[in-house]
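Q: Have a peek at protein-v1.txt (compact mmCIF, C-alpha atoms).
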```txt
# COMPACT_ATOMS: atom_id res chain seq x y z
CA MET A 28 43.31 -67.47 -17.49
CA SER A 29 45.61 -70.33 -16.56
CA PRO A 30 44.21 -73.92 -16.59
CA ASP A 31 44.48 -74.27 -12.85
CA LYS A 32 42.48 -71.10 -12.39
CA ARG A 33 39.70 -72.10 -14.78
CA PRO A 34 36.41 -72.31 -12.93
CA THR A 35 34.77 -75.61 -12.52
CA PRO A 36 31.07 -76.28 -12.22
CA GLU A 37 31.56 -76.54 -8.48
CA THR A 38 33.38 -73.19 -8.33
CA PRO A 39 31.05 -70.24 -8.97
CA VAL A 40 32.42 -67.35 -10.97
CA ALA A 41 32.67 -64.17 -8.89
CA ALA A 42 30.10 -61.63 -10.00
CA PRO A 43 31.41 -58.23 -11.06
CA ASP A 44 31.21 -55.46 -8.44
CA LYS A 45 27.69 -54.05 -8.34
CA ALA A 46 25.61 -52.21 -5.83
CA ALA A 47 23.70 -54.57 -3.61
CA PRO A 48 20.10 -54.87 -4.72
CA ALA A 49 17.77 -52.67 -2.70
CA SER A 50 15.87 -54.46 -0.03
CA PRO A 51 12.07 -54.21 -0.17
CA ARG A 52 10.92 -50.86 1.30
CA THR A 53 9.45 -51.16 4.77
CA PRO A 54 5.87 -49.94 4.69
CA PRO A 55 5.25 -46.93 6.96
CA ALA A 56 3.86 -47.65 10.37
CA PRO A 57 0.14 -47.00 10.68
CA PRO A 58 -0.69 -43.70 12.40
CA THR A 59 -1.33 -43.81 16.11
CA LYS A 60 -4.36 -42.31 17.82
CA ALA A 61 -2.23 -39.30 18.75
CA ASP A 62 -1.22 -38.89 15.10
CA ILE A 63 -4.84 -39.11 13.95
CA ALA A 64 -5.85 -36.46 16.50
CA ARG A 65 -2.99 -34.22 15.35
CA TYR A 66 -3.87 -34.66 11.67
CA ARG A 67 -7.52 -33.92 12.41
CA GLU A 68 -6.63 -30.77 14.36
CA ASN A 69 -4.36 -29.61 11.53
CA LEU A 70 -7.02 -30.26 8.89
CA GLN A 71 -9.67 -28.48 10.96
CA GLY A 72 -7.48 -25.41 11.18
CA GLU A 73 -6.95 -25.40 7.41
CA ILE A 74 -10.67 -25.91 6.72
CA ASP A 75 -11.46 -22.97 9.02
CA ALA A 76 -8.90 -20.79 7.26
CA ILE A 77 -10.15 -21.69 3.78
CA ALA A 78 -13.76 -20.87 4.67
CA LEU A 79 -12.86 -17.60 6.40
CA TYR A 80 -10.46 -16.36 3.71
CA SER A 81 -12.94 -17.28 0.98
CA LEU A 82 -15.56 -15.12 2.68
CA LEU A 83 -13.10 -12.24 3.08
CA ALA A 84 -12.22 -12.51 -0.61
CA GLU A 85 -15.93 -12.35 -1.40
CA LYS A 86 -16.38 -9.25 0.77
CA GLU A 87 -13.39 -7.60 -0.92
CA ALA A 88 -14.83 -8.25 -4.37
CA ALA A 89 -12.00 -6.68 -6.37
CA GLY A 90 -8.54 -5.25 -6.03
CA THR A 91 -5.44 -6.08 -4.04
CA LEU A 92 -7.18 -7.49 -0.96
CA ASN A 93 -9.26 -9.89 -3.04
CA ASP A 94 -6.08 -11.19 -4.71
CA PHE A 95 -4.40 -11.51 -1.32
CA TYR A 96 -7.20 -13.55 0.24
CA MET A 97 -7.56 -15.79 -2.83
CA ARG A 98 -3.84 -16.54 -2.70
CA MET A 99 -4.23 -17.46 0.97
CA VAL A 100 -7.10 -19.81 0.05
CA ARG A 101 -4.94 -21.57 -2.54
CA VAL A 102 -2.06 -22.06 -0.10
CA GLU A 103 -4.30 -23.30 2.71
CA THR A 104 -5.95 -25.74 0.28
CA ILE A 105 -2.54 -27.29 -0.44
CA HIS A 106 -1.98 -27.65 3.31
CA ALA A 107 -5.42 -29.15 3.82
CA ASP A 108 -4.83 -31.77 1.12
CA VAL A 109 -1.75 -33.01 2.99
CA TRP A 110 -3.65 -33.69 6.21
CA ARG A 111 -6.70 -35.03 4.41
CA ALA A 112 -4.49 -37.58 2.67
CA GLN A 113 -2.90 -38.59 5.98
CA LEU A 114 -6.29 -39.09 7.61
CA GLU A 115 -7.75 -41.03 4.71
CA ALA A 116 -4.65 -43.26 4.66
CA GLY A 117 -5.46 -44.00 8.30
CA GLY A 118 -9.03 -44.92 7.43
CA VAL A 119 -10.63 -41.68 8.64
CA ASP A 120 -13.50 -40.19 6.65
CA THR A 121 -12.98 -36.42 6.24
CA SER A 122 -15.91 -35.70 3.92
CA ARG A 123 -18.11 -34.33 6.70
CA MET A 124 -15.56 -31.99 8.25
CA SER A 125 -16.69 -28.35 8.06
CA PRO A 126 -15.68 -25.01 9.66
CA ALA A 127 -15.66 -25.07 13.47
CA TRP A 128 -17.84 -22.78 15.55
CA ARG A 129 -15.05 -20.24 16.18
CA ALA A 130 -14.54 -19.80 12.46
CA ARG A 131 -18.30 -19.52 11.96
CA VAL A 132 -18.48 -16.74 14.55
CA LEU A 133 -15.70 -14.81 12.80
CA MET A 134 -17.42 -15.37 9.46
CA PHE A 135 -20.70 -14.05 10.88
CA VAL A 136 -18.97 -10.93 12.18
CA ALA A 137 -17.11 -10.37 8.90
CA ARG A 138 -20.26 -10.91 6.83
CA HIS A 139 -22.47 -8.54 8.81
CA PHE A 140 -20.03 -5.98 10.24
CA GLY A 141 -17.13 -6.00 7.80
CA PRO A 142 -13.75 -7.74 7.47
CA SER A 143 -11.95 -5.03 9.46
CA LEU A 144 -13.38 -6.40 12.72
CA VAL A 145 -11.84 -9.84 12.30
CA VAL A 146 -8.46 -9.07 10.70
CA PRO A 147 -6.72 -8.32 14.06
CA THR A 148 -8.06 -11.59 15.48
CA ILE A 149 -6.85 -13.53 12.44
CA ALA A 150 -3.45 -11.86 12.79
CA GLU A 151 -3.23 -13.04 16.41
CA HIS A 152 -4.21 -16.59 15.45
CA GLU A 153 -1.68 -16.71 12.62
CA ALA A 154 1.05 -15.39 14.93
CA SER A 155 0.31 -18.08 17.53
CA ASP A 156 0.33 -20.82 14.86
CA GLU A 157 3.37 -19.76 12.85
CA ALA A 158 5.56 -22.55 14.30
CA MET A 159 2.89 -25.26 14.31
CA TYR A 160 4.46 -27.32 11.47
CA ASP A 161 8.10 -26.97 12.53
CA ASP A 162 8.19 -30.33 14.31
CA GLN A 163 5.67 -32.27 12.23
CA PRO A 164 7.54 -34.67 9.92
CA GLU A 165 4.52 -35.23 7.67
CA ALA A 166 4.34 -31.56 6.68
CA LEU A 167 5.64 -30.50 3.29
CA ALA A 168 8.96 -28.68 3.27
CA ARG A 169 7.26 -25.43 2.30
CA MET A 170 4.59 -25.49 5.02
CA PRO A 171 6.58 -24.04 7.98
CA GLY A 172 7.68 -21.15 5.76
CA ASP A 173 4.11 -20.64 4.55
CA GLU A 174 2.86 -20.31 8.11
CA ARG A 175 5.54 -17.77 9.01
CA SER A 176 4.74 -15.83 5.87
CA HIS A 177 1.03 -15.82 6.72
CA ALA A 178 1.72 -14.50 10.22
CA ARG A 179 3.92 -11.74 8.84
CA LEU A 180 1.43 -10.76 6.12
CA PHE A 181 -1.53 -10.57 8.49
CA ARG A 182 0.55 -8.65 11.01
CA GLU A 183 1.27 -6.08 8.31
CA LEU A 184 -2.34 -6.10 7.15
CA ALA A 185 -3.70 -5.53 10.67
CA ALA A 186 -1.25 -2.65 11.11
CA GLY A 187 -2.33 -1.10 7.81
CA ARG A 188 0.82 -1.90 5.86
CA GLY A 189 1.78 -4.22 3.04
CA VAL A 190 -1.02 -3.30 0.59
CA GLU A 191 -0.59 -0.78 -2.19
CA GLY A 192 -2.76 1.98 -3.57
CA GLY A 193 -5.92 3.31 -1.97
CA THR A 194 -6.41 0.08 -0.06
CA ILE A 195 -3.64 0.88 2.40
CA ALA A 196 -5.35 4.07 3.42
CA ARG A 197 -8.65 2.25 3.91
CA ILE A 198 -7.02 -0.36 6.11
CA GLU A 199 -5.15 2.28 8.11
CA GLY A 200 -8.36 4.17 8.70
CA ARG A 201 -10.25 1.08 9.82
CA HIS A 202 -7.69 -0.36 12.15
CA ARG A 203 -5.77 2.58 13.52
CA GLY A 204 -8.98 4.43 14.13
CA SER A 205 -10.60 1.48 15.81
CA GLY A 206 -8.26 1.58 18.78
CA GLY A 207 -7.53 -2.12 18.76
CA ASN A 208 -9.53 -5.28 18.39
CA GLN A 209 -13.20 -4.25 18.31
CA LEU A 210 -14.40 -7.82 18.64
CA ARG A 211 -12.52 -8.17 21.90
CA ALA A 212 -13.87 -4.80 23.06
CA ALA A 213 -17.44 -5.91 22.35
CA VAL A 214 -17.06 -9.11 24.36
CA LEU A 215 -15.40 -7.35 27.27
CA GLY A 216 -18.02 -4.58 27.25
CA ALA A 217 -20.77 -7.16 27.79
CA ASN A 218 -18.63 -8.86 30.42
CA ASP A 219 -18.22 -5.59 32.33
CA GLY A 220 -21.97 -5.11 32.48
CA LEU A 221 -22.57 -8.69 33.56
CA VAL A 222 -19.98 -8.85 36.34
CA SER A 223 -20.55 -5.35 37.72
CA ASN A 224 -24.35 -5.66 37.89
CA LEU A 225 -24.15 -9.20 39.25
CA SER A 226 -22.00 -7.85 42.06
CA ILE A 227 -24.39 -4.97 42.75
CA SER A 228 -27.43 -7.26 42.69
CA MET A 229 -25.84 -9.82 45.00
CA GLY A 230 -24.72 -7.11 47.40
CA VAL A 231 -28.25 -5.77 47.73
CA ALA A 232 -29.64 -9.33 47.84
CA GLY A 233 -27.37 -10.11 50.77
CA ALA A 234 -28.69 -7.11 52.65
CA SER A 235 -32.36 -7.58 51.74
CA GLN A 236 -32.62 -11.39 51.42
CA GLY A 237 -33.57 -11.02 47.77
CA GLY A 238 -36.28 -8.40 48.22
CA HIS A 239 -37.64 -6.01 45.61
CA ALA A 240 -34.77 -3.63 46.35
CA VAL A 241 -32.57 -5.91 44.25
CA LEU A 242 -34.58 -5.13 41.12
CA ILE A 243 -34.42 -1.39 41.77
CA ALA A 244 -30.70 -1.47 42.50
CA GLY A 245 -29.99 -3.73 39.53
CA MET A 246 -31.87 -1.53 37.08
CA ALA A 247 -30.21 1.58 38.49
CA GLY A 248 -26.82 -0.09 38.25
CA MET A 249 -27.47 -1.16 34.67
CA LEU A 250 -28.56 2.31 33.61
CA ALA A 251 -25.77 4.08 35.48
CA GLY A 252 -23.09 1.77 34.13
CA ALA A 253 -24.38 1.85 30.55
CA LEU A 254 -24.62 5.65 30.57
CA SER A 255 -21.16 5.93 32.07
CA MET A 256 -19.71 3.65 29.40
CA ALA A 257 -21.54 5.51 26.62
CA ILE A 258 -20.49 8.95 27.80
CA GLY A 259 -16.90 7.83 28.32
CA GLU A 260 -16.76 6.28 24.84
CA TRP A 261 -18.35 9.35 23.26
CA LEU A 262 -15.83 11.65 24.94
CA SER A 263 -12.94 9.39 23.95
CA VAL A 264 -13.89 9.15 20.28
CA GLN A 265 -14.97 12.77 20.00
CA SER A 266 -11.71 13.95 21.55
CA ALA A 267 -9.80 11.78 19.09
CA ARG A 268 -11.81 13.21 16.20
CA GLU A 269 -11.13 16.77 17.34
CA LEU A 270 -7.43 16.01 17.71
CA TYR A 271 -7.26 14.42 14.25
CA THR A 272 -9.20 17.33 12.72
CA HIS A 273 -6.75 19.77 14.26
CA GLN A 274 -3.76 17.77 13.02
CA VAL A 275 -5.16 17.67 9.47
CA LYS A 276 -5.80 21.42 9.64
CA VAL A 277 -2.21 22.02 10.76
CA GLU A 278 -0.99 19.81 7.91
CA ARG A 279 -2.98 21.87 5.41
CA GLU A 280 -1.56 25.13 6.77
CA GLU A 281 1.99 23.78 6.64
CA LEU A 282 1.46 22.62 3.08
CA LEU A 283 0.40 26.13 2.09
CA MET A 284 3.16 27.89 4.03
CA VAL A 285 6.18 25.57 3.64
CA PRO A 286 5.48 23.15 0.78
CA ASP A 287 9.19 22.40 0.35
CA GLU A 288 9.44 21.03 3.90
CA GLU A 289 6.33 18.88 3.43
CA GLU A 290 7.73 17.57 0.16
CA GLU A 291 10.96 16.63 1.93
CA GLU A 292 9.06 14.84 4.71
CA LEU A 293 7.01 12.89 2.18
CA THR A 294 10.17 11.99 0.26
CA LEU A 295 11.75 10.55 3.42
CA ILE A 296 8.60 8.52 4.13
CA TYR A 297 8.62 6.97 0.67
CA GLN A 298 12.33 6.23 0.93
CA ALA A 299 11.70 4.45 4.22
CA LYS A 300 9.10 2.33 2.40
CA GLY A 301 11.70 1.13 -0.08
CA LEU A 302 11.64 3.60 -2.98
CA THR A 303 14.89 4.98 -4.32
CA SER A 304 15.77 8.58 -3.57
CA GLU A 305 14.87 9.67 -7.09
CA GLN A 306 11.59 7.75 -7.18
CA ALA A 307 10.55 9.10 -3.77
CA ARG A 308 11.36 12.67 -4.77
CA LEU A 309 9.48 12.47 -8.07
CA MET A 310 6.42 11.01 -6.35
CA SER A 311 6.50 13.65 -3.59
CA GLN A 312 6.84 16.46 -6.13
CA SER A 313 3.87 15.10 -8.05
CA ILE A 314 1.69 14.94 -4.92
CA VAL A 315 2.68 18.24 -3.30
CA GLY A 316 2.62 20.13 -6.60
CA GLY A 317 -0.79 18.78 -7.57
CA ASP A 318 -4.29 19.13 -6.12
CA LEU A 319 -4.24 20.60 -2.59
CA GLY A 320 -6.95 18.30 -1.23
CA ARG A 321 -5.21 15.20 -2.56
CA ALA A 322 -1.90 16.39 -1.10
CA VAL A 323 -3.42 17.01 2.34
CA ASP A 324 -5.15 13.64 2.22
CA THR A 325 -1.89 11.86 1.32
CA LEU A 326 0.13 13.65 4.01
CA ALA A 327 -2.50 12.89 6.65
CA ARG A 328 -2.38 9.19 5.79
CA GLU A 329 1.36 8.84 5.30
CA GLU A 330 2.70 11.20 7.95
CA LEU A 331 0.00 11.11 10.62
CA GLY A 332 -1.57 7.69 10.00
CA ILE A 333 -5.03 9.34 9.86
CA ASP A 334 -7.84 8.62 7.42
CA PRO A 335 -9.44 12.05 6.83
CA ASP A 336 -12.66 10.35 5.72
CA GLU A 337 -13.18 8.70 9.12
CA LEU A 338 -11.12 10.56 11.72
CA GLY A 339 -11.45 7.84 14.33
CA GLY A 340 -15.03 6.80 13.64
CA SER A 341 -18.39 8.13 14.78
CA ALA A 342 -18.61 9.18 18.42
CA TRP A 343 -22.36 8.49 18.49
CA VAL A 344 -22.02 5.00 17.05
CA ALA A 345 -19.33 4.25 19.63
CA ALA A 346 -21.53 5.60 22.44
CA PHE A 347 -24.67 3.67 21.46
CA THR A 348 -22.65 0.50 20.93
CA SER A 349 -21.06 0.76 24.38
CA PHE A 350 -24.44 1.47 25.99
CA PHE A 351 -26.07 -1.53 24.30
CA LEU A 352 -23.24 -3.98 25.06
CA PHE A 353 -23.01 -3.01 28.72
CA ALA A 354 -26.80 -3.14 29.15
CA LEU A 355 -26.95 -6.51 27.40
CA GLY A 356 -24.63 -8.00 30.00
CA ALA A 357 -26.10 -6.08 32.94
CA ILE A 358 -29.70 -7.17 32.38
CA VAL A 359 -28.87 -10.87 32.84
CA PRO A 360 -28.44 -11.01 36.65
CA VAL A 361 -31.47 -8.75 37.17
CA SER A 362 -33.86 -10.64 34.90
CA PRO A 363 -35.06 -13.26 37.46
CA PHE A 364 -36.19 -10.47 39.82
CA PHE A 365 -38.78 -9.33 37.25
CA PHE A 366 -40.70 -12.53 37.98
CA ALA A 367 -39.79 -13.50 41.54
CA SER A 368 -38.17 -12.34 44.75
CA GLY A 369 -36.49 -13.88 47.75
CA MET A 370 -33.72 -16.50 47.77
CA GLY A 371 -35.29 -18.37 44.87
CA ALA A 372 -34.72 -15.34 42.65
CA VAL A 373 -31.18 -15.03 44.04
CA VAL A 374 -30.40 -18.63 43.09
CA ALA A 375 -31.94 -18.14 39.63
CA SER A 376 -29.87 -15.01 39.15
CA ILE A 377 -26.68 -16.89 40.03
CA VAL A 378 -27.55 -19.73 37.63
CA VAL A 379 -28.35 -17.51 34.62
CA SER A 380 -25.33 -15.32 35.37
CA ALA A 381 -23.04 -18.35 35.50
CA ALA A 382 -24.41 -19.52 32.15
CA ALA A 383 -23.89 -16.05 30.68
CA LEU A 384 -20.35 -15.91 32.05
CA MET A 385 -19.65 -19.26 30.37
CA VAL A 386 -20.93 -17.84 27.08
CA VAL A 387 -18.72 -14.76 27.50
CA GLY A 388 -15.75 -17.01 28.19
CA ALA A 389 -16.52 -18.99 25.03
CA ALA A 390 -16.77 -15.75 23.05
CA ILE A 391 -13.37 -14.66 24.34
CA THR A 392 -11.86 -17.86 22.93
CA VAL A 393 -12.91 -16.73 19.45
CA VAL A 394 -10.27 -14.02 19.86
CA THR A 395 -7.67 -15.95 21.84
CA GLY A 396 -8.12 -19.46 20.42
CA SER A 397 -7.73 -20.96 23.91
CA SER A 398 -9.75 -23.78 25.48
CA VAL A 399 -13.47 -23.07 25.86
CA LEU A 400 -13.75 -25.04 29.10
CA ARG A 401 -10.70 -23.43 30.67
CA THR A 402 -11.56 -19.85 29.67
CA GLY A 403 -15.28 -20.23 30.32
CA GLY A 404 -14.69 -21.95 33.65
CA ARG A 405 -12.26 -19.24 34.70
CA GLN A 406 -14.81 -16.59 33.78
CA VAL A 407 -17.50 -18.32 35.85
CA LEU A 408 -15.20 -18.71 38.87
CA LEU A 409 -14.14 -15.05 38.82
CA GLY A 410 -17.71 -13.84 38.42
CA MET A 411 -19.00 -16.08 41.21
CA PHE A 412 -16.15 -14.95 43.45
CA ALA A 413 -17.13 -11.31 42.94
CA ALA A 414 -20.80 -12.17 43.59
CA ALA A 415 -19.93 -14.10 46.78
CA VAL A 416 -17.81 -11.25 48.14
CA THR A 417 -20.49 -8.62 47.56
CA PHE A 418 -23.27 -10.91 48.86
CA GLY A 419 -21.32 -11.52 52.05
CA LEU A 420 -20.56 -7.82 52.47
CA GLY A 421 -24.21 -6.96 51.85
CA ALA A 422 -25.33 -9.51 54.44
CA LEU A 423 -22.94 -8.03 57.03
CA VAL A 424 -24.08 -4.49 56.33
CA GLY A 425 -27.72 -5.57 56.38
CA ARG A 426 -27.34 -7.12 59.82
CA ALA A 427 -25.45 -4.12 61.13
CA VAL A 428 -28.08 -1.69 59.89
CA GLY A 429 -30.89 -3.93 61.15
```
Show this structure as structure tokens.

A:
Amino acid sequence: MSPDKRPTPETPVAAPDKAAPASPRTPPAPPTKADIARYRENLQGEIDAIALYSLLAEKEAAGTLNDFYMRMVRVETIHADVWRAQLEAGGVDTSRMSPAWRARVLMFVARHFGPSLVVPTIAEHEASDEAMYDDQPEALARMPGDERSHARLFRELAAGRGVEGGTIARIEGRHRGSGGNQLRAAVLGANDGLVSNLSISMGVAGASQGGHAVLIAGMAGMLAGALSMAIGEWLSVQSARELYTHQVKVEREELLMVPDEEEEELTLIYQAKGLTSEQARLMSQSIVGGDLGRAVDTLAREELGIDPDELGGSAWVAAFTSFFLFALGAIVPVSPFFFASGMGAVVASIVVSAAALMVVGAAITVVTGSSVLRTGGRQVLLGMFAAAVTFGLGALVGRAVG
């Protein structure tokens, strides 16, 4: 360095090129009330899922389904920890959060009537929530994919696919034979009885000013409707059973007469499920060339989607269930007329029917996941509209006849 370029005390030496030191990190903004509400809703959904899947794993004590539900519990626990941490960072105590009433209803049904009744409802909920974390920046990178995977897995489970071994046949028999979501059918069966008998009762009340004829008409309407529902359900299930029995019989005859064709059909089915041509053929040869009963059972499940052990369920169970559910709803609007008559009984009937309609609307939200107030209020309005129309028509006819 030349003398004239030598630094002096007044001339600072230039520092070598370095990256500028990082500025202190700005602390994240505290969550807003909207954020807290969103975190709480997310955590509630995960808590509900953990409780429900844990119960389903308990009901399916061993095998593939138990492993499936336990894996779901582990994944949902990871999700729950994310939202619990967000809430606790915002000063919210989460220690007292527990499963919501919708989840408790599903758990009650699964515990007492079997997991098969709630799987279709869970599949619908998972499908509606599969994009819930797409636009939430606090979610882990894996969480949107997890939700999509859950929706797909439950969709396959509800349809009777995606599980290996004997379990797939059991699921197919439960769900394909059930004719849809039985929980929804139960709620709507009670709703049919409630609305139809409320309309009948109000029609007669309009004509008789709430006289004893309402009780007679209401009881007759309840019995007629419940019997009609029971007979219709019995015929429906029994016809399905007879059809399935015939199809299984035809399958047995074809297996005896043209085993090569049945083997080829089974091979194509297994290839469609992802097996190689050689694997599918070896498996089909083993099944068709083995025990006749096992071969018929396999062909009925794989080719026809029928569980030979159930064949669509019991016609008598379906009939008694339909009778009970319809009668349960139909007795509500008639009940005040057991103790009173006149317009006082009419008003009481409207009040208890409105309350029952609200309960039905709340029960429907267990399946749909929609707002209780909106669905229940809509149910009450529709039921009251039907009652008002029939009451007015009854009053007109009563005056005309008088």

Q: Taking all atoms listed in the file into account, which of A:Leu293, A:Leu283, A:Ala413, A:Ile74 comes nearest Asp318 (chain A)?

A: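 So, comparing all the options, the nearest one is A:Leu283.
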
Q: One number please: CA of Val231 (chain A) to CA of Phe350 (chain A), in Å, one decimal.

A: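 Distance reported for this atom pair: 23.2 Å.
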
Q: Nearest residue to Glu289 (chain A) out of A:Ala127, A:Val399, A:Leu326, A:Leu262, using only C-alpha atoms?

A: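 Smallest separation from Glu289 (chain A) among the options: A:Leu326.
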
Q: What are the centre and the three edge lengths of an axis-aligned box that wraps all atoms of region 277-289 of chain A in the file, given that 6 Å is added to every side, written as lines of an AutoDock Vina configuration file and rounded to one decimal in Å?

A:
```
center_x = 3.2
center_y = 23.4
center_z = 5.6
size_x = 24.4
size_y = 21.0
size_z = 22.4
```

Q: Determine the nearest neighbour of Ala244 (chain A) from the options A:Gln71, A:Ala257, A:Tyr80, A:Ile227, counting all atoms listed in the file.

A: A:Ile227

Q: Nearest to Ala251 (chain A) among A:Glu153, A:Ser176, A:Tyr96, A:Ser223, with distances taken over only C-alpha atoms: which residue is it?

A: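 Closest residue, counting only C-alpha atoms: A:Ser223.
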
Q: I'd like the contact shell of Val214 (chain A) - 10 Å cut-off, all atoms listed in the file, skipping same-chain residues fewer than 4 positions apart - returned as a ChimeraX atom specification.

A: /A:209-210,218-219,352-353,356,386-391,393-394

Q: With only C-alpha atoms as the counted atoms, please give the residues lying no more than 12 Å from Leu79 (chain A), apart from itself and same-chain residues fewer than 6 positions off, as a ChimeraX atom specification.

A: /A:72-73,85-86,96-97,99-100,103,125-138,142,145-146,148-149

Q: Rounded to one decimal, what separation in Å do you get between CA of Asn93 (chain A) and CA of Ala150 (chain A)?

A: 17.0 Å

Q: Which value, in Å to one decimal, gives the distance between CA of Gly410 (chain A) and CA of Phe351 (chain A)?

A: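 Distance between the two atoms: 20.5 Å.
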
Q: In the coordinates of the file, take the point (0.7, -12.3, 9.7) and a cut-off of 10 Å; then, counting all atoms listed in the file, name each qualifying protein, DNA or RNA residue as an mmCIF file with C-alpha atoms, in the frame of the given file.

A:
```
data_model
loop_
_atom_site.group_PDB
_atom_site.id
_atom_site.type_symbol
_atom_site.label_atom_id
_atom_site.label_comp_id
_atom_site.auth_asym_id
_atom_site.auth_seq_id
_atom_site.Cartn_x
_atom_site.Cartn_y
_atom_site.Cartn_z
ATOM 1 C CA VAL A 146 -8.460 -9.070 10.700
ATOM 2 C CA PRO A 147 -6.720 -8.320 14.060
ATOM 3 C CA ILE A 149 -6.850 -13.530 12.440
ATOM 4 C CA ALA A 150 -3.450 -11.860 12.790
ATOM 5 C CA GLU A 151 -3.230 -13.040 16.410
ATOM 6 C CA HIS A 152 -4.210 -16.590 15.450
ATOM 7 C CA GLU A 153 -1.680 -16.710 12.620
ATOM 8 C CA ALA A 154 1.050 -15.390 14.930
ATOM 9 C CA SER A 155 0.310 -18.080 17.530
ATOM 10 C CA ASP A 156 0.330 -20.820 14.860
ATOM 11 C CA GLU A 157 3.370 -19.760 12.850
ATOM 12 C CA GLU A 174 2.860 -20.310 8.110
ATOM 13 C CA ARG A 175 5.540 -17.770 9.010
ATOM 14 C CA SER A 176 4.740 -15.830 5.870
ATOM 15 C CA HIS A 177 1.030 -15.820 6.720
ATOM 16 C CA ALA A 178 1.720 -14.500 10.220
ATOM 17 C CA ARG A 179 3.920 -11.740 8.840
ATOM 18 C CA LEU A 180 1.430 -10.760 6.120
ATOM 19 C CA PHE A 181 -1.530 -10.570 8.490
ATOM 20 C CA ARG A 182 0.550 -8.650 11.010
ATOM 21 C CA GLU A 183 1.270 -6.080 8.310
ATOM 22 C CA LEU A 184 -2.340 -6.100 7.150
ATOM 23 C CA ALA A 185 -3.700 -5.530 10.670
ATOM 24 C CA ALA A 186 -1.250 -2.650 11.110
#
```

Q: Can you work out which one of A:Val361, A:Val323, A:Ile258, A:Leu167 has the shortest atom-to-atom distance to Ala345 (chain A), counting only C-alpha atoms?

A: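 Closest to Ala345 (chain A) of all the choices is A:Ile258.
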
Q: Using all atoms listed in the file, which of the listed residues (A:Val285, A:Val373, A:Leu70, A:Val344) sits closest to Val109 (chain A)?

A: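 Closest candidate: A:Leu70.
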
Q: Write out as a list in words which residues come within 9 Å of Trp343 (chain A) when counting all atoms listed in the file, dropping same-chain ones fewer than 4 positions away.

A: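 Counting only the stated atoms, we get Ala257, Glu260, Trp261, Val264, Gln265, Phe347 and Thr348 of chain A.
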
Q: Just the residues within 12 Å of Arg98 (chain A), please, counting all atoms listed in the file, with nothing from its chain fewer than 3 positions along; format it as a PyMOL selection string.

A: chain A and resi 76-77+80-81+83-84+91-95+101-105+173+177+180

Q: Please provide the set of residues having any atom within 7 Å of Ala354 (chain A), restricted to all atoms listed in the file, with same-chain residues fewer than 6 positions apart removed, written as a list in words.

A: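 What passes the distance filter is Gly220, Met249 and Ala253 of chain A.
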